[in-house]
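Written out below as structure tokens is the structure these notes cover.
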Amino acid sequence: MPAEDGGRAQLFKNSSRADDSRRNRQDMVSKLRKDKRTEQMLKRRQVVEDSENEVTEKDCNAVPQPDPIQIKAVIDNSNDITVILGAVQNCRKVLSREQSPPIDEVIDSGLLPKLVQYLLCDDNPALQFEACWALTNIASGTNKHTKAVVECGAVPHFIKLLSSEHVNVCEQAVWALGNVAGDGATYRDFVINCGIIRPLIKLVSPELSMSFLRNLSWTISNLCRNKDPPPTMETIESLVPTICNLFSYGDKHVLSDACWALSYITDGSNDRIQKVISSGIVSRLVELLGHSEVLVVTPALRTVGNIVTGNDEQTQAMIDQGALKHFEKLLWHKKNNIQKEAAWTMSNITAGTKHQIQAVIDANLLPYIIDVLARGDYKTQKEAVWAVTNMTSGGTPEQILQLVELKALPPLSNMLTVQDPRTVTVALDGIHNILTAANKVSEEVCSKVAIMLEECGGLDLVEKLQEHENERIYAKSALIIEEFYKGEDGENEELQPQVNNGQYMFTAPANNSGKISF
């Protein structure tokens, strides 16, 4: 969405601009979605528990703790390593408060250089662990807080701790680096350039605890995040095999982060999309579209949606792996955001070749697309408009008129009433394309479709749009009237569409038996 704020889309096929055929997430920055992952998930370490003392975050909030200045004074005035360890532990605890941890006060007290210094104490892993934990919590704050940790020189020491023989220290370093990398492209690249990738991916092993594996997958996903600029191709090539390896684990959190990592990678140029396709992971991605957990389905669908913004061959790769069979369920999912992403994905597939449009038809997805166009929430409807109009732009007349038989004209016409000029323009394009396709079949079929548009109220809405202040909307609505309604004196009963089991059937008059019949 999610675009994520800044990312994930490419733009569309507009009937008037062939080069706009597929919608990527550049245009969906504010349109398609804001990433549902909060900043807490992207940069997360507020303490759950202290394994030695079983001190929970709730306890940290309830028990009075010394302030940072007092902690700094204890450290400065003692050579007793036990006293220093206790002081650093107190520092970590105050930084673990659920509400308003005193990060600025800790930084202003001058504690950061001391905490970084204790990362070097290989002979005291408990002190390393507490110092690393405290720095992790500082880096989980704002950009200013992360910057303070980086500028104190902590990152190279964190990376060194990835090779620590003490698992808790190593895991804490992974978390700290994930927080720094998750701050943005600048610090992501800084962490990468400091040499994180090789020791990090070396850690991935079935022997790890699930907690550790989750932290690893999350940190790896943060190394793929952000687009300004995106990670280098060298970075992507180094990470993709390990990310694919994470798909072999059944844990929903690991799978979710692995999918998010691929969604970040595929939210870019076609060569990046191809790296994911060539990895052989596409079939597993498609399988995860049917996962029971929204936590997994959301990024899996995002990745599939990103892939089909690529070229026709890349889109076909998803179709060939059976992705379409999941979209009945996705388009009717209980979560509006998944419906919306599914409709967006459909819009990029219907922006493809006639063969790909036929695959959507053969998968019986048109009724579902039309249903969300009619009854989905507004954001989903906007995506469904694109799915329909893209199909009218690239489909054959026979394919396009199936939309009419499935009663797409009423909900498509209703989208002429929305406030967003772009959506109105897309709906007008769809209506014009449908009438044009009908006219290619025969004048009689075109007249029938024109009558249907009038009967559902679409013609009245098109006529009103001739007074719209937007010049494109005015021009498109006037074109529809000029081409298909000008000089019409009345209706020809012979041209009325027949209704069979609730569906409109198009049949040419008897004296034109050679015409195509639907």
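Quick note on naming: the chains in the structure tokens go A, B, ... in the order shown, residues restart at 1 in each chain, and ligands are numbered from 1 in order of appearance.
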
Practice item. Would you kindly return, as number ranges by chain, each protein, DNA or RNA residue with an atom no farther than 8 Å from any atom of Arg188 (chain A), considering only C-alpha atoms and excluding same-chain residues fewer than 5 positions away? Key: A: 180-183, 222-223

Can I get the selected residues back with all heavy atoms, as a PDB file, in the first residue's frame?
```pdb
ATOM      1  N   VAL A 180      17.544   0.192  13.777  1.00  0.00           N
ATOM      2  CA  VAL A 180      18.306   1.216  13.030  1.00  0.00           C
ATOM      3  C   VAL A 180      17.949   1.151  11.546  1.00  0.00           C
ATOM      4  O   VAL A 180      17.666   2.175  10.914  1.00  0.00           O
ATOM      5  CB  VAL A 180      19.824   1.011  13.236  1.00  0.00           C
ATOM      6  CG1 VAL A 180      20.615   1.992  12.361  1.00  0.00           C
ATOM      7  CG2 VAL A 180      20.192   1.204  14.705  1.00  0.00           C
ATOM      8  N   ALA A 181      17.951  -0.053  10.983  1.00  0.00           N
ATOM      9  CA  ALA A 181      17.637  -0.200   9.553  1.00  0.00           C
ATOM     10  C   ALA A 181      16.211   0.229   9.243  1.00  0.00           C
ATOM     11  O   ALA A 181      15.925   0.743   8.158  1.00  0.00           O
ATOM     12  CB  ALA A 181      17.855  -1.647   9.121  1.00  0.00           C
ATOM     13  N   GLY A 182      15.304   0.030  10.200  1.00  0.00           N
ATOM     14  CA  GLY A 182      13.913   0.384   9.976  1.00  0.00           C
ATOM     15  C   GLY A 182      13.633   1.867  10.027  1.00  0.00           C
ATOM     16  O   GLY A 182      12.516   2.299   9.726  1.00  0.00           O
ATOM     17  N   ASP A 183      14.646   2.669  10.363  1.00  0.00           N
ATOM     18  CA  ASP A 183      14.429   4.113  10.478  1.00  0.00           C
ATOM     19  C   ASP A 183      14.286   4.797   9.129  1.00  0.00           C
ATOM     20  O   ASP A 183      13.673   5.839   9.018  1.00  0.00           O
ATOM     21  CB  ASP A 183      15.582   4.745  11.264  1.00  0.00           C
ATOM     22  CG  ASP A 183      15.327   6.205  11.582  1.00  0.00           C
ATOM     23  OD1 ASP A 183      14.553   6.470  12.515  1.00  0.00           O
ATOM     24  OD2 ASP A 183      15.872   7.076  10.874  1.00  0.00           O
ATOM     25  N   ASN A 222      13.383  -5.332   7.152  1.00  0.00           N
ATOM     26  CA  ASN A 222      13.731  -3.911   7.228  1.00  0.00           C
ATOM     27  C   ASN A 222      14.902  -3.548   6.324  1.00  0.00           C
ATOM     28  O   ASN A 222      15.026  -2.401   5.879  1.00  0.00           O
ATOM     29  CB  ASN A 222      14.053  -3.517   8.671  1.00  0.00           C
ATOM     30  CG  ASN A 222      12.800  -3.123   9.453  1.00  0.00           C
ATOM     31  OD1 ASN A 222      11.702  -3.095   8.909  1.00  0.00           O
ATOM     32  ND2 ASN A 222      12.966  -2.835  10.721  1.00  0.00           N
ATOM     33  N   LEU A 223      15.758  -4.517   6.032  1.00  0.00           N
ATOM     34  CA  LEU A 223      16.860  -4.257   5.095  1.00  0.00           C
ATOM     35  C   LEU A 223      16.353  -4.121   3.658  1.00  0.00           C
ATOM     36  O   LEU A 223      17.075  -3.642   2.784  1.00  0.00           O
ATOM     37  CB  LEU A 223      17.881  -5.391   5.165  1.00  0.00           C
ATOM     38  CG  LEU A 223      18.664  -5.526   6.475  1.00  0.00           C
ATOM     39  CD1 LEU A 223      19.575  -6.738   6.423  1.00  0.00           C
ATOM     40  CD2 LEU A 223      19.471  -4.264   6.778  1.00  0.00           C
TER      41      LEU A 223
END
```

Practice item. Name all residues at most 7 Å from region 385-388 of chain A (count only C-alpha atoms; drop same-chain ones fewer than 2 positions away) and give them as a PyMOL selection string. Key: chain A and resi 343+346-347+350+373+381-383+390-392+412+426-427+430

Point to revise | A:Asp108, A:Glu98, A:Asp228, A:Glu165 ranked by distance to Ala185 (chain A), top pick (using only C-alpha atoms) | key: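 Closest to Ala185 (chain A) of all the choices is A:Asp228.
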
So that I can see what lies close to Lys329 (chain A), please list as a tab-separated table (two decimals) with C-alpha atoms, in the first residue's frame the residues with an atom at most 10 Å from it, counting only C-alpha atoms and leaving out residues fewer than 4 positions away in the same chain.
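around.tsv was written with the following content:
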```tsv
chain	number	residue	atom	x	y	z
A	289	LEU	CA	-2.91	-16.34	-0.63
A	290	GLY	CA	-5.10	-19.03	0.90
A	325	LYS	CA	-8.18	-19.43	-8.05
A	333	HIS	CA	-12.87	-11.21	2.12
A	334	LYS	CA	-14.23	-9.86	5.40
A	338	ILE	CA	-7.83	-7.22	1.37
A	339	GLN	CA	-10.83	-6.70	-0.92
A	342	ALA	CA	-7.47	-7.91	-4.54
A	368	TYR	CA	-17.00	-10.90	-8.08
```

Point to revise | Spatial neighbours of Ala408 (chain A), 9 Å, only C-alpha atoms, chain gap at least 4 places, as a list of chain:residue names | key: A:Pro367, A:Ile370, A:Asp371, A:Leu373, A:Ala374, A:Val388, A:Gln402, A:Leu403, A:Val404, A:Leu412, A:Ser413

Write the selection just made, keeping N, CA and C atoms, as a JSON list (two decimals), in the first residue's frame?
```json
[["chain", "number", "residue", "atom", "x", "y", "z"],
["A", 367, "PRO", "N", -18.07, -11.81, -12.07],
["A", 367, "PRO", "CA", -19.17, -11.50, -11.14],
["A", 367, "PRO", "C", -18.68, -10.93, -9.80],
["A", 370, "ILE", "N", -17.56, -7.26, -10.38],
["A", 370, "ILE", "CA", -18.73, -6.40, -10.53],
["A", 370, "ILE", "C", -19.45, -6.24, -9.18],
["A", 371, "ASP", "N", -19.44, -7.29, -8.38],
["A", 371, "ASP", "CA", -20.09, -7.21, -7.07],
["A", 371, "ASP", "C", -19.40, -6.19, -6.17],
["A", 373, "LEU", "N", -17.62, -3.75, -7.20],
["A", 373, "LEU", "CA", -17.87, -2.45, -7.81],
["A", 373, "LEU", "C", -19.21, -1.90, -7.34],
["A", 374, "ALA", "N", -20.17, -2.79, -7.16],
["A", 374, "ALA", "CA", -21.50, -2.36, -6.75],
["A", 374, "ALA", "C", -21.62, -2.17, -5.25],
["A", 388, "VAL", "N", -12.55, -3.01, -14.34],
["A", 388, "VAL", "CA", -13.53, -3.07, -15.42],
["A", 388, "VAL", "C", -13.06, -2.27, -16.63],
["A", 402, "GLN", "N", -19.42, -9.29, -22.18],
["A", 402, "GLN", "CA", -19.74, -10.14, -21.04],
["A", 402, "GLN", "C", -19.96, -9.29, -19.79],
["A", 403, "LEU", "N", -19.27, -8.18, -19.70],
["A", 403, "LEU", "CA", -19.50, -7.27, -18.58],
["A", 403, "LEU", "C", -20.93, -6.75, -18.58],
["A", 404, "VAL", "N", -21.44, -6.45, -19.77],
["A", 404, "VAL", "CA", -22.81, -5.95, -19.87],
["A", 404, "VAL", "C", -23.81, -7.04, -19.49],
["A", 412, "LEU", "N", -21.18, 0.69, -12.70],
["A", 412, "LEU", "CA", -20.20, 1.54, -13.39],
["A", 412, "LEU", "C", -20.76, 2.96, -13.53],
["A", 413, "SER", "N", -22.03, 3.06, -13.85],
["A", 413, "SER", "CA", -22.67, 4.37, -13.97],
["A", 413, "SER", "C", -22.72, 5.09, -12.63]]
```

Point to revise | Among the residues A:Gln65, A:Ser477, A:Asn364, A:Thr436, the one that comes closest to Arg97 (chain A) [using only C-alpha atoms] | key: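 With only C-alpha atoms as the atom set, the closest residue is A:Gln65.
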
Check your understanding: What is the distance, in Å and to one decimal place, between CA of Asn414 (chain A) and CA of Lys476 (chain A)?
Key -> 16.2 Å

Review point. Smallest atom-to-atom distance to Asn215 (chain A): which of A:Gly352, A:Met233, A:Val254, A:Gly195, using only C-alpha atoms?
Key: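 Ranking A:Gly352, A:Met233, A:Val254, A:Gly195 by distance to Asn215 (chain A), first place goes to A:Val254.
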
Review point. What separation in Å, quoted to one decimal, exists between CA of Arg284 (chain A) and CA of Ile196 (chain A)?
Key: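 According to the coordinates, CA of Arg284 (chain A) and CA of Ile196 (chain A) are separated by 27.2 Å.
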
Review point. Looking only at the backbone, which of the residues in region 310-492 of chain A does DSSP tag as helix (DSSP H, G or I), as a PyMOL selection string?
Key: chain A and resi 312-320+323-331+336-349+354-362+366-375+378-394+397-405+409-417+421-441+443-455+458-467+471-484

Point to revise | Shell of 12 Å around Thr417 (chain A), only C-alpha atoms, local chain residues under 3 positions omitted, as an NGL selection string | key: :A and (378 or 410-414 or 420-425 or 427-428 or 457-458 or 460-462 or 464-465 or 468 or 473)

Kindly save the residues from that selection, with C-alpha atoms included, as a PDB file, in the first residue's frame.
```
ATOM      1  CA  TYR A 378     -15.457   3.255  -1.687  1.00  0.00           C
ATOM      2  CA  PRO A 410     -25.463   0.141 -13.330  1.00  0.00           C
ATOM      3  CA  PRO A 411     -22.581   0.081 -10.796  1.00  0.00           C
ATOM      4  CA  LEU A 412     -20.202   1.544 -13.386  1.00  0.00           C
ATOM      5  CA  SER A 413     -22.672   4.372 -13.969  1.00  0.00           C
ATOM      6  CA  ASN A 414     -22.994   4.955 -10.226  1.00  0.00           C
ATOM      7  CA  ASP A 420     -12.898  12.169  -7.399  1.00  0.00           C
ATOM      8  CA  PRO A 421     -12.467  13.455 -10.989  1.00  0.00           C
ATOM      9  CA  ARG A 422     -10.033  10.714 -11.907  1.00  0.00           C
ATOM     10  CA  THR A 423     -12.447   7.956 -10.918  1.00  0.00           C
ATOM     11  CA  VAL A 424     -15.231   9.653 -12.879  1.00  0.00           C
ATOM     12  CA  THR A 425     -12.942   9.851 -15.902  1.00  0.00           C
ATOM     13  CA  ALA A 427     -15.799   5.241 -15.403  1.00  0.00           C
ATOM     14  CA  LEU A 428     -16.560   7.367 -18.474  1.00  0.00           C
ATOM     15  CA  GLY A 457     -29.858   6.056 -15.266  1.00  0.00           C
ATOM     16  CA  GLY A 458     -26.352   6.164 -16.702  1.00  0.00           C
ATOM     17  CA  ASP A 460     -28.758  11.027 -17.343  1.00  0.00           C
ATOM     18  CA  LEU A 461     -25.519  11.045 -15.347  1.00  0.00           C
ATOM     19  CA  VAL A 462     -23.420  11.301 -18.503  1.00  0.00           C
ATOM     20  CA  LYS A 464     -25.109  16.052 -16.405  1.00  0.00           C
ATOM     21  CA  LEU A 465     -21.356  15.638 -16.641  1.00  0.00           C
ATOM     22  CA  HIS A 468     -18.693  19.444 -15.158  1.00  0.00           C
ATOM     23  CA  ILE A 473     -14.836  14.893 -17.882  1.00  0.00           C
TER      24      ILE A 473
END
```
